[in-house]
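Scroll down for the structure; my scribbles are underneath it.
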Amino acid sequence: MNDQDKHVTVGDTQATPGWRFGFRLLRVAVMLVLAFWLSRNGDAFFYQGF
Amino acid sequence: MSETLARLNEVFQDVFEDEELSVQAETSAKDIDDWDSLMHVNLILAVESAFDVRFTSTEVAGLKDAGELLALIEKKQA
Amino acid sequence: MNPTIDLTSPAFWLVALLAIALVTPITQAGLKRWVWAGVNILFIAWMLRLRTLEVASAVVVAHLALRLLACGSWRRAIGWAGLALALGLFVMRKLPGVTEDLGLGVVNPLLVAVGFSYVFLRLLDAGRVIYEGGRPPPDLASTVNYLLPFHMLAAGPIQSYEDFVDQPAIAKPLSAEGALGGVERIALGLFKKFVVAYLLGEAFLTGFHVGGAYFWFEVQVYYLWFYLDFSAYSDIAVGIGRLMGVHTPENFNRPYVARNMIDFWERWHISLSQWVRRNLFIPIQLGLARKAGGGGKRALLIATLAFTVSFLLCGLWHGISWPFFAWGAMHALGLVVTNTYRHWLTKRVGRKGVKAYKEKTGYRLVAQVLTFEYVALSLVIISYPWKDLL
């Protein structure tokens with residue numbers, strides 16, 4: 001009846017090896033750089049202002 | 001089995017039209033196939049009249065299993 | 001023009017960093033409540049400038065009203081008066097110009113406050129739970145934190161009041177793993193919004209100004225774009241919440257795989273559909289069933305009425321206009337059809353039959369495609385340039 005508990009989680013809580021941790025950090029950096037670069041053209045979120 | 005649980009069991013059997021049904025404290029909507037949002041309201045109304053209690057919509061929305069229902073009934077009857 | 005929360009502005013991220021730096025290390029519950037409230041007020045002050053005073057007074061009024069709902073013989077009257085006042089303000093917010101017509105221009109600064117519609121939903125949820133004795137009323141700091149959490153202000157998620165009260169006062173200390181998880185979630189949100197959704201929009205979306213086969217193609221892309229844009233905001237909110245140790249509920253769970261409209265609303269804007277379930281669907285269903293009595297056919301009729309009223313209101317909550325009314329009606333219809341079909345199918349082939357039927361891959365795929373197209377069309381209704389047709 002209630003599916004609220006089925007959470008999607010990005011990043012588990014298990015300890016990960018150092019190289020994997022580094023890879024994830026690098027991935028975050030790439031995503032942030034791209035987002036920052038393109039956000040200068042970007043507009044506001046559609047779903048706000050309600 | 002407490003008296004309240006036995007009575008609750010009868011209400012469940014009645015509502016779900018299943019004589020074999022045996023309700024435990026941890027019985028939840030997952031365990032009874034027919035226990036959907038339609039039957040939920042029927043169940044609540046049947047429990048209300050059987051035990052002469054009245055639930056708020058907050059209580060009805062928050063119920064997760066038969067154990068919580070049992071605890072609520074006992075709290076209201078105390 | 002309403003002030004919006006600009007996630008490309010440094011102000012938002014400075015407040016977020018400040019919140020994480022100040023709130024996360026606190027291990028004393030009372031102190032954490034007040035510091036967190038301070039951050040939220042600071043955010044409002046920064047974003048709204050001079051309107052802070054109006055917003056702060058409104059919060060104090062809301063706080064007193066919530067306290068009064070918990071005790072005293074007047075609680076019933078206060079409940080109805082509060083509901084009427086909140087509804088009145090909400091309608092004024094949604095129909096621009098009404099305040100001037102009524103000579104009530106003084107409330108305008110309050111109405112344009114960021115995220116008013118979401119604050120309204122949280123206030124109603126808290127009011128109902130407190131009135132029914134489900135949870136105690138909040139103290140002043142908690143009133144601020146429940147009604148105006150800066151990271152959930154603009155577009156949710158809408159935390160339930162029970163969930164807000166029940167969350168641990170102090171979250172588990174943040175591990176390196178947990179911190180990276182939070183940062184990843186924020187980065188994912190920003191990437192979805194400013195890279196994927198942006199490029200998708202630039203490449204394919206025309207605002208439905210191209211007809212023919214392209215229109216149908218754009219309908220598909222628009223649903224994708226809408227999901228990326230909306231869920232990105234929730235990703236960022238959940239990520240910030242995790243870093244601060246402030247519980248922030250999930251809002252999406254792979255909506256594209258939904259196989260019917262009931263399933264869809266368990267996966268899309270989950271916090272809103274749960275709000276509708278708690279505050280509209282169940283009270284309406286219970287109220288009607290108590291009046292009319294339960295039972296097979298009648299239960300189906302009552303559920304149909306409850307779905308219809310709930311989702312028409314849900315549509316109008318987004319905006320008091322015909323497109324949103326039509327959107328609400330379309331979703332109500334989808335839910336009613338799903339519910340009735342499910343009921344009919346169970347009667348016909350039994351529970352085991354339904355289970356077997358659900359496991360067939362072919363049926364599942366057809367159901368998923370139908371649901372996807374139905375939702376995509378409902379989104380077109382609210383975004384189609386109807387004015388151009390006049």
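Letters A, B, ... go to the chains of the structure tokens in the order shown; residues in each chain start at 1; ligands are counted from 1 in the same order.
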Which residues are close to Val47 of chain B, i.e. within 10 Å by only C-alpha atoms, leaving aside same-chain residues fewer than 5 positions away? Reply as a ChimeraX atom specification. /B:7-8,10-12,15,41-42,52-55,69-70,73
Find the nearest atom pair between each residue of chain B and chain A for residues within 10 Å, count only C-alpha atoms, give distances in Å to one decimal, sort rows by chain and ascending number, and present the table as a tab-separated table.
```
residue	atom	partner	partner_atom	distance
B:Ser28	CA	A:Met1	CA	9.3
B:Ala29	CA	A:Met1	CA	6.6
B:Lys30	CA	A:Met1	CA	7.8
B:Trp35	CA	A:Met1	CA	8.4
B:Asp36	CA	A:Met1	CA	6.6
B:Ser37	CA	A:Met1	CA	7.1
B:His40	CA	A:Met1	CA	9.6
B:Ala61	CA	A:Asn2	CA	9.7
B:Gly62	CA	A:Asn2	CA	9.6
B:Leu63	CA	A:Asn2	CA	9.9
B:Lys64	CA	A:Asn2	CA	8.3
```
Residue hits in chain C, query chain B, radius 9 Å, only C-alpha atoms, as an MDAnalysis selection string: chainID C and resid 128:129 132:134 277:279 282:283 285:286 289:290 293:296 299:300 302:303 346 351
Just-selected residues, N, CA, C and O atoms written as a compact mmCIF listing (two decimals), in the first residue's frame:
```
# COMPACT_ATOMS: atom_id res chain seq x y z
N ARG C 128 -3.64 19.27 10.25
CA ARG C 128 -4.50 18.10 10.37
C ARG C 128 -3.97 17.13 11.43
O ARG C 128 -4.71 16.68 12.30
N VAL C 129 -2.65 16.84 11.35
CA VAL C 129 -2.07 15.87 12.29
C VAL C 129 -2.19 16.37 13.73
O VAL C 129 -2.57 15.61 14.63
N GLU C 132 -5.83 16.31 14.99
CA GLU C 132 -6.30 14.96 15.30
C GLU C 132 -5.49 14.28 16.40
O GLU C 132 -5.71 13.11 16.70
N GLY C 133 -4.57 15.03 17.00
CA GLY C 133 -3.82 14.50 18.12
C GLY C 133 -2.75 13.49 17.73
O GLY C 133 -2.27 12.74 18.57
N GLY C 134 -2.38 13.47 16.46
CA GLY C 134 -1.39 12.50 15.99
C GLY C 134 0.03 12.79 16.47
O GLY C 134 0.79 11.88 16.75
N ARG C 277 -2.90 11.61 -0.55
CA ARG C 277 -3.48 10.43 0.10
C ARG C 277 -3.86 10.74 1.55
O ARG C 277 -4.97 10.44 1.97
N ARG C 278 -2.95 11.36 2.31
CA ARG C 278 -3.20 11.64 3.72
C ARG C 278 -4.27 12.71 3.94
O ARG C 278 -5.09 12.59 4.83
N ASN C 279 -4.23 13.76 3.10
CA ASN C 279 -5.05 14.94 3.40
C ASN C 279 -6.33 15.04 2.59
O ASN C 279 -7.23 15.78 2.99
N ILE C 282 -7.88 9.83 1.78
CA ILE C 282 -8.36 9.06 2.94
C ILE C 282 -9.48 9.79 3.71
O ILE C 282 -10.51 9.19 3.99
N PRO C 283 -9.33 11.10 4.01
CA PRO C 283 -10.45 11.78 4.69
C PRO C 283 -11.74 11.74 3.88
O PRO C 283 -12.82 11.50 4.45
N GLN C 285 -12.61 9.52 1.51
CA GLN C 285 -13.05 8.13 1.46
C GLN C 285 -13.69 7.71 2.79
O GLN C 285 -14.78 7.12 2.80
N LEU C 286 -13.04 8.05 3.89
CA LEU C 286 -13.56 7.70 5.22
C LEU C 286 -14.89 8.39 5.48
O LEU C 286 -15.85 7.78 5.96
N ALA C 289 -17.62 6.88 3.30
CA ALA C 289 -17.92 5.51 3.70
C ALA C 289 -18.71 5.49 5.01
O ALA C 289 -19.61 4.67 5.19
N ARG C 290 -18.39 6.41 5.93
CA ARG C 290 -19.11 6.46 7.19
C ARG C 290 -20.56 6.87 6.97
O ARG C 290 -21.46 6.39 7.64
N GLY C 293 -21.91 3.82 4.38
CA GLY C 293 -21.67 2.41 4.70
C GLY C 293 -20.76 1.79 3.66
O GLY C 293 -20.77 2.22 2.51
N GLY C 294 -19.99 0.77 4.07
CA GLY C 294 -18.99 0.18 3.15
C GLY C 294 -19.62 -0.83 2.21
O GLY C 294 -20.76 -0.66 1.79
N GLY C 295 -18.85 -1.86 1.87
CA GLY C 295 -19.40 -2.91 1.00
C GLY C 295 -18.90 -2.82 -0.41
O GLY C 295 -18.57 -1.73 -0.88
N GLY C 296 -18.85 -3.97 -1.09
CA GLY C 296 -18.21 -4.14 -2.40
C GLY C 296 -18.39 -3.03 -3.40
O GLY C 296 -17.49 -2.20 -3.60
N ALA C 299 -17.95 0.56 -2.16
CA ALA C 299 -16.56 0.93 -1.88
C ALA C 299 -15.88 1.42 -3.16
O ALA C 299 -15.10 2.38 -3.13
N LEU C 300 -16.19 0.77 -4.27
CA LEU C 300 -15.59 1.17 -5.55
C LEU C 300 -16.09 2.55 -5.96
O LEU C 300 -15.31 3.40 -6.40
N ILE C 302 -17.20 4.88 -3.94
CA ILE C 302 -16.63 5.87 -3.01
C ILE C 302 -15.18 6.18 -3.38
O ILE C 302 -14.77 7.34 -3.41
N ALA C 303 -14.41 5.13 -3.72
CA ALA C 303 -13.02 5.34 -4.12
C ALA C 303 -12.96 6.19 -5.39
O ALA C 303 -12.10 7.07 -5.53
N THR C 346 -9.71 -8.85 -10.76
CA THR C 346 -9.64 -9.74 -9.61
C THR C 346 -10.92 -10.57 -9.50
O THR C 346 -10.87 -11.77 -9.21
N ARG C 351 -7.28 -13.82 -7.48
CA ARG C 351 -5.98 -13.21 -7.11
C ARG C 351 -4.81 -13.88 -7.81
O ARG C 351 -3.89 -13.23 -8.27
```
With the cut-off set at 8 Å and counting only C-alpha atoms, tabulate each residue of chain C with an atom at most that distance from an atom of chain A, showing the nearest atom pair and its distance in Å to one decimal, ordered by chain and increasing number, as CSV.
```
residue,atom,partner,partner_atom,distance
C:Asn2,CA,A:Gly49,CA,7.0
C:Pro3,CA,A:Gly49,CA,7.9
C:Thr4,CA,A:Gly49,CA,6.2
C:Ile5,CA,A:Gln48,CA,7.9
C:Asp6,CA,A:Ala44,CA,6.3
C:Leu7,CA,A:Ala44,CA,7.6
C:Thr8,CA,A:Ser39,CA,6.6
C:Val114,CA,A:Gly49,CA,6.8
C:Gly115,CA,A:Gly49,CA,6.2
C:Phe116,CA,A:Phe50,CA,7.2
C:Ser117,CA,A:Phe50,CA,5.7
C:Tyr118,CA,A:Phe50,CA,7.6
C:Ala154,CA,A:Gln48,CA,5.3
C:Ala155,CA,A:Gln48,CA,5.3
C:Glu177,CA,A:Thr13,CA,6.2
C:Gly178,CA,A:Thr13,CA,6.6
C:Leu180,CA,A:Leu25,CA,7.6
C:Gly181,CA,A:Gly11,CA,4.8
C:Val183,CA,A:Val28,CA,7.5
C:Glu184,CA,A:Val28,CA,5.9
C:Arg185,CA,A:Val10,CA,6.4
C:Ala187,CA,A:Leu32,CA,5.7
C:Leu188,CA,A:Met31,CA,7.1
C:Leu190,CA,A:Ala35,CA,5.9
C:Phe191,CA,A:Ala35,CA,5.2
C:Lys193,CA,A:Ala35,CA,7.9
C:Phe194,CA,A:Ala35,CA,5.1
C:Val195,CA,A:Ala35,CA,5.5
C:Tyr198,CA,A:Gly42,CA,6.7
C:Phe226,CA,A:Phe46,CA,7.9
C:Asp229,CA,A:Phe45,CA,6.4
C:Phe230,CA,A:Tyr47,CA,6.0
C:Tyr233,CA,A:Phe45,CA,7.7
C:Glu250,CA,A:His7,CA,6.4
C:Phe252,CA,A:Val8,CA,7.9
C:Asn253,CA,A:Val8,CA,6.3
C:Glu266,CA,A:Asp3,CA,6.2
C:Ile270,CA,A:Gln4,CA,7.2
C:His318,CA,A:Phe50,CA,6.2
C:Gly319,CA,A:Phe50,CA,7.5
```
Going by DSSP on the backbone, which residues of segment 173-284 of chain C come out as helix (DSSP H, G or I)? List them as a ChimeraX atom specification. /C:176-204,213-244,255-257,261-265,270-284
In Å, how far is it from atom CA of Lys387 of chain C to atom CA of Phe324 of chain C?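 These two atoms are separated by 14.7 Å.
Straight-line separation from atom CA of Trp80 of chain C to atom CA of Phe325 of chain C: 25.4 Å.
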